[in-house]
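Student: Here it is, the structure, as structure tokens.
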Amino acid sequence: MKKNVLNTDLTGKVAVVTGAGGVLCSQFSRVLARAGAKVALLNRTVEKAQKVADEIIAEGGVAKAYCCNVLDKEQCEEVASQVLSDLGPCDILINGAGGNNPKATTDKEYFENGDLESETKSFFDLDDNSVTSVFELNFTGSLLPTQAFAKQMVGREGCNIINISSMNAYRPLTKIPAYSGSKAAVTNFTQWLAVYFSKINIRVNAIAPGFFSTEQNAKLLWNEDGTPTARTGKILAATPMGRFGKSSELAGALLFLLNNEAAGFITGITLPVDGGVSAYSGV
């Protein structure tokens, strides 16, 4: 296994990652394994998680894939029991499952006269079921795995929960009100959990990625011919570093927050990894 960037030693710890088949969370899983953790990769499509697990095992790490719908409480509890039996009690939980829904997204950034009579999908046309599904996936999809796995942390030292928020939690992006609102809920939930678990020494923090190009947002960022969309131009203009983040660049934030020596007195924060977006006023 390759050495991790912060020398954070997770040897012997059991790390559970939801959404582990995705771009960012598959990277998190590799990082955790390289730091010595035994990694349980949870994904609704288990084949995607299995591919990542196979890669980790090929590098010499310990990993096992599990099929898990993070919105199914019973399944979360069943998988928690399986992980306990296969790998041991959970020390680290990464709540990485999340996403958006096109039906909860407006076509335009601004409402204009005539939009009600046009075929434009405006705020008034957002599908309520789709909006609800986005909130469920991002918020409830963090709550249910936490209920299932945090039980295994009770009474043990050095346990951590990391939620995945977004810079949208601070300043909502245009077009995606449900996603932005649900990530704000994740940031608030992180603070609530940090206080709630503070007396039993479970630290709870979150990472807020800025703009990363992934499979989920590809259609918003890139045209079919591979050229950048107008939205990509706006994003890069608002990012002082002038580029999208790389999934590997979240590794340092993750390992720092999990390092009980370096970050042992840090709980309840959401750490931006955004290329300067939060510092830039636009002028």
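Residue numbering restarts at 1 for every chain of the structure tokens, chains are lettered A, B, ... in their displayed order, and ligands are numbered from 1 as they appear.
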List the neighbours of range 218-230 of chain A out to 12 Å using only C-alpha atoms; skip same-chain residues closer than 3 positions along the sequence, and give me the result as a list in words.
Tutor: Val23, Asn100, Pro102, Thr105, Thr106, Asp107, Lys108, Glu109, Thr174, Lys175, Ile176, Phe211, Phe212, Ser213, Thr214, Glu215, Gly233, Lys234, Ile235, Leu236, Ala237, Arg243 and Phe244 of chain A
Student: Do a neighbour search on Tyr280 in chain A at 7 Å with only C-alpha atoms, toss out local chain neighbours closer than 3 positions, and write the hits as a PyMOL selection string.
Tutor: chain A and resi 240+276-277
Student: To test your reading of the structure, identify every residue in range 38-174 of chain A that backbone DSSP assigns to alpha helix (DSSP H), and report it as number ranges by chain.
Tutor: A: 46-58, 73-86, 128-135, 141-150
Student: Neighbouring residues of range 58-75 of chain A were defined as those with any atom within 8 Å, considering only C-alpha atoms; residues of the same chain fewer than 2 positions away were excluded. Please report them as number ranges by chain.
Tutor: A: 1, 18, 33-34, 36-46, 49-50, 53-56, 77-79, 97, 136-137, 140-142, 144-145, 148
Student: Give me the residues near Ile266 in chain A as a CSV table (one decimal) with C-alpha atoms, in the first residue's frame, where near means some atom within 8 Å (using only C-alpha atoms) and where sequence neighbours in that chain fewer than 2 positions away do not count.
Tutor:
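What landed in out01.csv:
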```
chain,number,residue,atom,x,y,z
A,203,ARG,CA,-16.0,13.4,17.1
A,205,ASN,CA,-17.0,16.7,11.5
A,257,LEU,CA,-9.9,15.2,10.7
A,263,ALA,CA,-7.5,17.0,15.4
A,264,GLY,CA,-8.4,15.6,18.7
A,268,GLY,CA,-18.6,20.1,14.9
A,269,ILE,CA,-16.8,21.9,12.0
```
Student: Among range 31-249 of chain A, which ones does DSSP assign to strand (DSSP E) (computed from the backbone)? Answer as an mmCIF file with C-alpha atoms, in the first residue's frame.
Tutor:
```
data_model
loop_
_atom_site.group_PDB
_atom_site.id
_atom_site.type_symbol
_atom_site.label_atom_id
_atom_site.label_comp_id
_atom_site.auth_asym_id
_atom_site.auth_seq_id
_atom_site.Cartn_x
_atom_site.Cartn_y
_atom_site.Cartn_z
ATOM 1 C CA LYS A 38 -10.095 -2.191 7.118
ATOM 2 C CA VAL A 39 -12.677 -0.649 4.803
ATOM 3 C CA ALA A 40 -16.330 -1.595 4.409
ATOM 4 C CA LEU A 41 -17.565 -0.181 1.115
ATOM 5 C CA LEU A 42 -21.335 0.377 1.069
ATOM 6 C CA ASN A 43 -23.135 1.175 -2.157
ATOM 7 C CA VAL A 62 -8.340 -5.014 3.486
ATOM 8 C CA ALA A 63 -11.741 -4.213 2.015
ATOM 9 C CA LYS A 64 -15.177 -5.738 1.613
ATOM 10 C CA ALA A 65 -18.138 -4.531 -0.458
ATOM 11 C CA TYR A 66 -21.722 -4.501 0.779
ATOM 12 C CA CYS A 67 -25.025 -3.728 -0.931
ATOM 13 C CA ILE A 92 -14.891 5.529 11.390
ATOM 14 C CA LEU A 93 -18.062 6.321 9.448
ATOM 15 C CA ILE A 94 -17.938 8.373 6.255
ATOM 16 C CA ASN A 95 -21.453 9.401 5.219
ATOM 17 C CA CYS A 159 -14.146 7.052 16.953
ATOM 18 C CA ASN A 160 -15.062 9.515 14.219
ATOM 19 C CA ILE A 161 -17.968 10.384 11.941
ATOM 20 C CA ILE A 162 -17.347 12.430 8.797
ATOM 21 C CA ASN A 163 -20.290 13.819 6.832
ATOM 22 C CA ILE A 164 -19.992 15.167 3.312
ATOM 23 C CA ILE A 202 -17.175 10.520 19.289
ATOM 24 C CA ARG A 203 -15.954 13.377 17.126
ATOM 25 C CA VAL A 204 -18.238 14.474 14.281
ATOM 26 C CA ASN A 205 -17.049 16.746 11.479
ATOM 27 C CA ALA A 206 -17.785 17.360 7.819
ATOM 28 C CA ILE A 207 -15.938 18.163 4.621
ATOM 29 C CA ALA A 208 -17.382 20.695 2.185
ATOM 30 C CA PRO A 209 -15.935 20.153 -1.286
#
```
Student: State, in Å with one decimal place, the distance from CA of Ser166 in chain A to CA of Asp125 in chain A.
Tutor: 24.9 Å
